[in-house]
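Shown next: query.pdb, given as PDB, C-alpha atoms.
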```
ATOM      1  CA  MET A   1      69.867 -30.722  99.074
ATOM      2  CA  ARG A   2      71.169 -30.699  95.562
ATOM      3  CA  THR A   3      69.130 -33.687  94.684
ATOM      4  CA  ARG A   4      65.997 -31.859  95.792
ATOM      5  CA  GLN A   5      66.850 -28.773  93.757
ATOM      6  CA  LEU A   6      67.528 -30.875  90.745
ATOM      7  CA  GLY A   7      64.179 -32.622  91.110
ATOM      8  CA  SER A   8      62.394 -29.309  91.464
ATOM      9  CA  LEU A   9      64.004 -28.012  88.295
ATOM     10  CA  MET A  10      63.033 -31.122  86.373
ATOM     11  CA  LEU A  11      59.445 -30.885  87.634
ATOM     12  CA  TYR A  12      59.283 -27.211  86.732
ATOM     13  CA  GLY A  13      60.604 -27.917  83.254
ATOM     14  CA  LEU A  14      58.107 -30.695  82.711
ATOM     15  CA  LEU A  15      55.230 -28.498  83.785
ATOM     16  CA  SER A  16      56.416 -25.726  81.445
ATOM     17  CA  PHE A  17      56.528 -28.187  78.500
ATOM     18  CA  VAL A  18      53.027 -29.398  79.262
ATOM     19  CA  VAL A  19      51.682 -25.807  79.440
ATOM     20  CA  VAL A  20      53.365 -24.775  76.193
ATOM     21  CA  SER A  21      52.190 -27.898  74.406
ATOM     22  CA  ALA A  22      48.605 -27.324  75.559
ATOM     23  CA  GLY A  23      48.725 -23.700  74.384
ATOM     24  CA  CYS A  24      49.979 -24.651  70.970
ATOM     25  CA  ARG A  25      47.254 -27.248  70.525
ATOM     26  CA  HIS A  26      44.642 -24.658  71.493
ATOM     27  CA  GLN A  27      45.778 -22.031  68.930
ATOM     28  CA  VAL A  28      46.005 -24.253  65.781
ATOM     29  CA  ALA A  29      42.498 -24.803  64.297
ATOM     30  CA  ALA A  30      41.688 -27.798  62.154
ATOM     31  CA  LYS A  31      41.289 -27.086  58.357
ATOM     32  CA  PRO A  32      37.652 -27.288  57.079
ATOM     33  CA  PRO A  33      36.915 -29.915  54.452
ATOM     34  CA  ALA A  34      37.212 -28.779  50.785
ATOM     35  CA  PRO A  35      33.805 -27.917  49.193
ATOM     36  CA  ALA A  36      32.395 -30.323  46.647
ATOM     37  CA  PRO A  37      32.812 -29.108  43.018
ATOM     38  CA  PRO A  38      29.569 -27.543  41.621
ATOM     39  CA  ALA A  39      27.399 -29.657  39.314
ATOM     40  CA  ASN A  40      27.494 -28.758  35.559
ATOM     41  CA  PRO A  41      24.574 -26.378  34.578
ATOM     42  CA  PRO A  42      22.093 -27.704  32.001
ATOM     43  CA  ALA A  43      22.972 -26.888  28.393
ATOM     44  CA  GLN A  44      21.077 -24.196  26.462
ATOM     45  CA  PRO A  45      18.812 -25.779  23.799
ATOM     46  CA  THR A  46      19.433 -25.063  20.107
ATOM     47  CA  VAL A  47      17.049 -25.439  17.167
ATOM     48  CA  ALA A  48      17.138 -24.908  13.395
ATOM     49  CA  VAL A  49      14.409 -25.095  10.741
ATOM     50  CA  GLU A  50      14.437 -24.731   6.951
ATOM     51  CA  ALA A  51      11.993 -25.039   4.063
ATOM     52  CA  SER A  52      12.658 -26.945   0.872
ATOM     53  CA  ARG A  53      11.287 -23.921  -1.060
ATOM     54  CA  THR A  54      10.677 -20.373   0.103
ATOM     55  CA  GLU A  55       8.410 -19.316  -2.822
ATOM     56  CA  VAL A  56       5.488 -21.420  -4.038
ATOM     57  CA  THR A  57       2.179 -21.097  -5.834
ATOM     58  CA  ARG A  58      -0.984 -21.677  -3.823
ATOM     59  CA  GLY A  59      -1.708 -25.414  -3.768
ATOM     60  CA  GLN A  60       1.921 -26.498  -3.870
ATOM     61  CA  SER A  61       3.511 -28.250  -0.873
ATOM     62  CA  VAL A  62       6.748 -27.542   0.980
ATOM     63  CA  THR A  63       8.897 -29.787   3.196
ATOM     64  CA  LEU A  64       9.944 -28.353   6.548
ATOM     65  CA  ARG A  65      13.030 -29.877   8.221
ATOM     66  CA  TRP A  66      14.192 -29.135  11.766
ATOM     67  CA  SER A  67      16.786 -30.303  14.276
ATOM     68  CA  SER A  68      17.478 -29.477  17.925
ATOM     69  CA  THR A  69      19.866 -30.229  20.796
ATOM     70  CA  SER A  70      19.502 -30.276  24.596
ATOM     71  CA  ALA A  71      15.691 -30.009  24.300
ATOM     72  CA  THR A  72      13.029 -31.984  26.103
ATOM     73  CA  SER A  73      10.258 -30.737  23.790
ATOM     74  CA  VAL A  74      10.085 -29.235  20.291
ATOM     75  CA  ARG A  75       7.060 -27.581  18.678
ATOM     76  CA  VAL A  76       6.605 -26.263  15.115
ATOM     77  CA  THR A  77       3.826 -23.729  14.462
ATOM     78  CA  PRO A  78       1.494 -23.164  12.775
ATOM     79  CA  GLU A  79      -0.107 -26.453  11.678
ATOM     80  CA  VAL A  80       2.589 -28.980  12.637
ATOM     81  CA  GLY A  81       2.497 -29.022  16.471
ATOM     82  CA  SER A  82       4.686 -31.080  18.846
ATOM     83  CA  VAL A  83       7.437 -32.997  17.058
ATOM     84  CA  ALA A  84      10.538 -35.080  17.692
ATOM     85  CA  ALA A  85      13.897 -33.439  18.318
ATOM     86  CA  GLU A  86      14.714 -33.893  14.637
ATOM     87  CA  GLY A  87      12.420 -34.547  11.696
ATOM     88  CA  ALA A  88      10.462 -33.269   8.701
ATOM     89  CA  ALA A  89       6.861 -32.447   7.766
ATOM     90  CA  THR A  90       5.015 -31.489   4.582
ATOM     91  CA  VAL A  91       2.882 -28.336   4.608
ATOM     92  CA  ALA A  92       0.769 -26.597   1.953
ATOM     93  CA  PRO A  93       0.194 -22.991   3.059
ATOM     94  CA  THR A  94      -2.614 -21.084   1.370
ATOM     95  CA  GLU A  95      -1.003 -17.719   2.074
ATOM     96  CA  SER A  96       2.465 -16.418   2.888
ATOM     97  CA  THR A  97       3.398 -17.936   6.256
ATOM     98  CA  THR A  98       6.294 -17.906   8.736
ATOM     99  CA  TYR A  99       6.850 -21.307  10.380
ATOM    100  CA  THR A 100       8.512 -21.201  13.815
ATOM    101  CA  ALA A 101      10.280 -24.041  15.656
ATOM    102  CA  MET A 102      10.645 -23.714  19.451
ATOM    103  CA  ALA A 103      12.854 -26.008  21.544
ATOM    104  CA  THR A 104      12.637 -26.002  25.348
ATOM    105  CA  GLY A 105      14.675 -27.813  27.981
ATOM    106  CA  PRO A 106      16.168 -27.453  31.493
ATOM    107  CA  GLY A 107      18.647 -24.905  30.136
ATOM    108  CA  GLY A 108      16.047 -22.564  28.617
ATOM    109  CA  SER A 109      14.496 -22.246  25.174
ATOM    110  CA  ALA A 110      15.435 -21.352  21.597
ATOM    111  CA  THR A 111      13.485 -20.503  18.418
ATOM    112  CA  ALA A 112      14.121 -20.483  14.667
ATOM    113  CA  SER A 113      11.856 -19.649  11.724
ATOM    114  CA  ALA A 114      11.432 -20.110   7.971
ATOM    115  CA  HIS A 115       9.204 -17.876   5.796
ATOM    116  CA  ILE A 116       7.320 -19.184   2.751
ATOM    117  CA  THR A 117       5.888 -16.728   0.213
ATOM    118  CA  VAL A 118       2.695 -17.933  -1.509
ATOM    119  CA  SER A 119       1.460 -16.477  -4.808
ATOM    120  CA  VAL A 120      -1.843 -17.107  -6.559
ATOM    121  CA  ALA A 121      -1.607 -18.982  -9.851
ATOM    122  CA  GLY A 122      -3.303 -17.413 -12.831
ATOM    123  CA  ALA A 123      -4.203 -14.243 -10.969
ATOM    124  CA  ALA A 124      -6.633 -12.181 -12.936
ATOM    125  CA  ALA A 125      -4.999  -9.503 -15.019
ATOM    126  CA  ALA A 126      -5.375  -5.970 -13.794
ATOM    127  CA  SER A 127      -8.589  -4.399 -14.932
ATOM    128  CA  PRO A 128      -8.010  -2.327 -18.066
ATOM    129  CA  GLY A 129      -8.235   1.404 -17.673
ATOM    130  CA  PRO A 130     -11.091   3.421 -19.173
ATOM    131  CA  THR A 131     -11.179   3.824 -22.928
ATOM    132  CA  LEU A 132     -10.546   7.157 -24.589
ATOM    133  CA  ASP A 133     -14.255   7.410 -25.397
ATOM    134  CA  GLU A 134     -15.145   6.836 -21.739
ATOM    135  CA  MET A 135     -12.674   9.456 -20.572
ATOM    136  CA  PHE A 136     -13.949  11.907 -23.178
ATOM    137  CA  THR A 137     -17.541  11.451 -22.009
ATOM    138  CA  LYS A 138     -16.510  11.927 -18.377
ATOM    139  CA  GLU A 139     -14.117  14.855 -18.728
ATOM    140  CA  VAL A 140     -15.526  16.945 -21.588
ATOM    141  CA  GLN A 141     -18.473  19.083 -20.490
ATOM    142  CA  ASP A 142     -20.924  21.040 -22.592
ATOM    143  CA  ALA A 143     -21.203  24.823 -22.302
ATOM    144  CA  PHE A 144     -24.666  26.358 -21.717
ATOM    145  CA  PHE A 145     -25.890  29.788 -22.825
ATOM    146  CA  ASP A 146     -28.426  32.407 -21.861
ATOM    147  CA  TYR A 147     -31.479  33.053 -24.016
ATOM    148  CA  ASP A 148     -30.547  34.562 -27.376
ATOM    149  CA  LYS A 149     -26.886  34.882 -26.303
ATOM    150  CA  ALA A 150     -23.601  33.411 -27.553
ATOM    151  CA  GLU A 151     -21.275  34.837 -24.872
ATOM    152  CA  ILE A 152     -19.500  32.328 -22.582
ATOM    153  CA  ARG A 153     -21.105  32.420 -19.109
ATOM    154  CA  THR A 154     -19.142  32.141 -15.854
ATOM    155  CA  ASP A 155     -20.271  28.563 -15.219
ATOM    156  CA  ALA A 156     -19.430  27.653 -18.833
ATOM    157  CA  ARG A 157     -15.895  29.057 -18.374
ATOM    158  CA  SER A 158     -15.295  26.614 -15.527
ATOM    159  CA  ALA A 159     -16.584  23.659 -17.577
ATOM    160  CA  LEU A 160     -14.637  24.660 -20.689
ATOM    161  CA  SER A 161     -11.412  25.120 -18.704
ATOM    162  CA  LYS A 162     -11.636  21.474 -17.630
ATOM    163  CA  THR A 163     -12.406  20.454 -21.201
ATOM    164  CA  ALA A 164      -9.349  22.374 -22.440
ATOM    165  CA  GLU A 165      -7.152  20.682 -19.826
ATOM    166  CA  PHE A 166      -8.319  17.256 -20.991
ATOM    167  CA  LEU A 167      -7.770  18.091 -24.657
ATOM    168  CA  ARG A 168      -4.265  19.388 -23.948
ATOM    169  CA  SER A 169      -3.481  16.105 -22.196
ATOM    170  CA  TYR A 170      -4.701  14.064 -25.185
ATOM    171  CA  PRO A 171      -3.471  15.898 -28.276
ATOM    172  CA  GLN A 172      -4.425  12.989 -30.537
ATOM    173  CA  ILE A 173      -8.129  13.808 -30.104
ATOM    174  CA  SER A 174      -9.943  16.087 -32.546
ATOM    175  CA  ILE A 175     -13.435  17.365 -31.706
ATOM    176  CA  MET A 176     -16.661  18.652 -33.198
ATOM    177  CA  ILE A 177     -18.575  21.422 -31.419
ATOM    178  CA  ASP A 178     -22.301  21.468 -32.178
ATOM    179  CA  GLY A 179     -24.216  24.713 -31.563
ATOM    180  CA  HIS A 180     -27.812  24.227 -30.295
ATOM    181  CA  CYS A 181     -30.751  26.522 -29.555
ATOM    182  CA  ASP A 182     -34.135  26.184 -27.901
ATOM    183  CA  GLU A 183     -37.344  25.869 -29.919
ATOM    184  CA  ARG A 184     -38.267  29.544 -29.854
ATOM    185  CA  GLY A 185     -37.577  31.574 -32.960
ATOM    186  CA  SER A 186     -37.361  30.536 -36.580
ATOM    187  CA  THR A 187     -35.005  28.015 -38.069
ATOM    188  CA  GLU A 188     -33.344  30.779 -40.108
ATOM    189  CA  TYR A 189     -32.651  32.762 -36.918
ATOM    190  CA  ASN A 190     -31.457  29.856 -34.772
ATOM    191  CA  LEU A 191     -28.956  28.368 -37.240
ATOM    192  CA  PRO A 192     -26.697  31.458 -37.136
ATOM    193  CA  LEU A 193     -27.180  31.658 -33.333
ATOM    194  CA  GLY A 194     -26.057  28.060 -32.945
ATOM    195  CA  ASP A 195     -23.080  28.816 -35.185
ATOM    196  CA  ARG A 196     -22.074  31.764 -32.993
ATOM    197  CA  ARG A 197     -22.320  29.572 -29.891
ATOM    198  CA  SER A 198     -20.072  26.845 -31.304
ATOM    199  CA  GLY A 199     -17.680  29.522 -32.588
ATOM    200  CA  SER A 200     -17.335  31.310 -29.235
ATOM    201  CA  THR A 201     -16.742  27.952 -27.573
ATOM    202  CA  LYS A 202     -13.978  27.144 -30.044
ATOM    203  CA  ASP A 203     -12.377  30.542 -29.491
ATOM    204  CA  PHE A 204     -12.327  29.943 -25.722
ATOM    205  CA  LEU A 205     -10.599  26.560 -26.125
ATOM    206  CA  VAL A 206      -8.035  27.965 -28.546
ATOM    207  CA  ALA A 207      -7.265  30.721 -26.029
ATOM    208  CA  GLN A 208      -6.717  27.935 -23.468
ATOM    209  CA  GLY A 209      -4.035  26.318 -25.623
ATOM    210  CA  VAL A 210      -5.981  23.807 -27.735
ATOM    211  CA  ALA A 211      -4.840  23.814 -31.374
ATOM    212  CA  SER A 212      -7.411  25.347 -33.715
ATOM    213  CA  ASP A 213      -6.966  22.631 -36.360
ATOM    214  CA  ARG A 214      -8.234  20.020 -33.876
ATOM    215  CA  ILE A 215     -11.628  21.745 -33.595
ATOM    216  CA  GLN A 216     -14.513  21.804 -36.082
ATOM    217  CA  THR A 217     -17.835  23.583 -35.552
ATOM    218  CA  LEU A 218     -21.375  22.941 -36.713
ATOM    219  CA  SER A 219     -24.791  24.478 -35.989
ATOM    220  CA  TYR A 220     -28.009  22.505 -35.603
ATOM    221  CA  GLY A 221     -30.062  25.481 -34.494
ATOM    222  CA  LYS A 222     -33.245  24.145 -32.906
ATOM    223  CA  GLU A 223     -33.401  20.966 -34.984
ATOM    224  CA  ARG A 224     -31.917  18.491 -32.500
ATOM    225  CA  PRO A 225     -33.237  19.343 -29.035
ATOM    226  CA  PHE A 226     -31.964  17.434 -25.975
ATOM    227  CA  CYS A 227     -35.282  17.995 -24.203
ATOM    228  CA  THR A 228     -38.679  18.241 -25.923
ATOM    229  CA  GLU A 229     -40.849  19.850 -23.257
ATOM    230  CA  SER A 230     -41.903  23.464 -23.722
ATOM    231  CA  ASN A 231     -40.639  25.041 -20.489
ATOM    232  CA  GLU A 232     -37.633  27.016 -19.318
ATOM    233  CA  SER A 233     -35.912  23.965 -17.787
ATOM    234  CA  CYS A 234     -35.906  22.200 -21.150
ATOM    235  CA  TRP A 235     -35.063  25.327 -23.113
ATOM    236  CA  GLN A 236     -31.978  25.833 -20.940
ATOM    237  CA  GLN A 237     -30.783  22.310 -21.703
ATOM    238  CA  ASN A 238     -31.150  22.971 -25.407
ATOM    239  CA  ARG A 239     -29.124  26.226 -25.399
ATOM    240  CA  ARG A 240     -25.681  24.653 -25.492
ATOM    241  CA  ALA A 241     -22.436  23.929 -27.270
ATOM    242  CA  HIS A 242     -22.158  20.161 -27.359
ATOM    243  CA  PHE A 243     -18.906  18.215 -27.847
ATOM    244  CA  ARG A 244     -18.319  15.115 -29.931
ATOM    245  CA  MET A 245     -15.053  13.282 -30.516
ATOM    246  CA  ALA A 246     -14.444  13.652 -34.235
ATOM    247  CA  GLY A 247     -11.419  11.368 -34.415
ATOM    248  CA  THR A 248      -8.067  10.343 -32.952
ATOM    249  CA  ASN A 249      -4.541  10.243 -34.302
ATOM    250  CA  SER A 250      -3.346   6.721 -33.522
ATOM    251  CA  THR A 251       0.295   7.675 -34.173
ATOM    252  CA  GLN A 252       0.386   9.804 -31.007
ATOM    253  CA  LEU A 253       0.635   8.610 -27.434
ATOM    254  CA  SER A 254      -2.502   8.098 -25.392
ATOM    255  CA  GLY A 255      -1.890  11.043 -23.094
ATOM    256  CA  ARG A 256       0.631  12.911 -21.007
TER     257      ARG A 256
END
```
Same coordinates, now as structure tokens:
Amino acid sequence: MRTRQLGSLMLYGLLSFVVVSAGCRHQVAAKPPAPAPPANPPAQPTVAVEASRTEVTRGQSVTLRWSSTSATSVRVTPEVGSVAAEGAATVAPTESTTYTAMATGPGGSATASAHITVSVAGAAAASPGPTLDEMFTKEVQDAFFDYDKAEIRTDARSALSKTAEFLRSYPQISIMIDGHCDERGSTEYNLPLGDRRSGSTKDFLVAQGVASDRIQTLSYGKERPFCTESNESCWQQNRRAHFRMAGTNSTQLSGR
């Protein structure tokens, strides 16, 4: 009887061990394999370019030098094109130019540049400005008068104001004012009339700030007409105060 009980206990214990062992094996999972280390990413390309001179005269040449890393292709523009990873080329730009080197590869691209300034040899000198005589002819305007009158008209005031402004700007200039008349009337009558016209013109300029000692007056009466036809259009052209440059003071500056 005892032997049977003992056998039952041993059997029961064995079964319990088997059950526990099976349960433990079921709960413990196997570890997954470690992942493979990632591959190294491709390197970013680099590039550099420089010019042997950055300022040249048109016609002169320049040496470009470049170098790159991690690039499968390199291109230099303009003019040069596809090149080796490292090298040099001679260029002769005709105008100011920026040369750019571009390197490309699996890791991307990179650029670098070099600027060359080109000047023109023996460039023509700047055109000289107008001469004093040319400016005088352009800026100084005659004053015109009504028949048998010496008073300054409204249109003459505008012209003489511009003349005064020019003369104030160039104090080295002295002037002659010629009084003129049309052909009607005697010589004896027109000479004093021309004198009054040149005199009233001088007075206007002096009132505008032009020094009196820079101005001389003269009357030609009807003796030197600007137009020789006998009609009102011509007569109006001949009734004037005409300006001439009488001289310049070379010791003064050429203007303000």
Checklist entry - Hey, what's within 12 Å of region 233-242 of chain A if we count all atoms listed in the file and toss same-chain stuff fewer than 2 positions away? As a ChimeraX atom specification, please? => result /A:137,140-153,156,159-160,163,175-185,190,193-202,204,216-231,244-245
Item to check | Residues near Thr104 (chain A), cut-off 9 Å, only C-alpha atoms, skip fewer than 5 positions along chain, as a list in words | outcome: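 Residues meeting the cut-off are Gln44, Pro45, Thr46, Ser70, Ala71, Thr72, Ser73, Val74, Arg75, Ser109, Ala110 and Thr111 of chain A.
Here CA of Ile173 (chain A) is placed at a distance of 16.4 Å from CA of Ser161 (chain A).
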Checklist entry - Of the residues A:Ala89, A:Ala103, A:Ile116, A:Ala43, which is the one nearest to Glu55 (chain A), using all atoms listed in the file? => result A:Ile116
Item to check | Which residue of A:Thr98, A:Thr57, A:Ser212, A:Ser67 approaches Val83 (chain A) most closely, using all atoms listed in the file | outcome: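 Of A:Thr98, A:Thr57, A:Ser212, A:Ser67, the one nearest Val83 (chain A) is A:Ser67, counting all atoms listed in the file.
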Item to check | Residue members of the PyMOL selection byres ((chain A and resi 91) around 9) in the file shown, as an NGL selection string | outcome: :A and (60-64 or 79-80 or 89-90 or 92-93)
Item to check | Atom-to-atom span, CA of Gln208 (chain A) and CA of Met135 (chain A), Å | outcome: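 Atom-to-atom, CA of Gln208 (chain A) to CA of Met135 (chain A), that is 19.6 Å.
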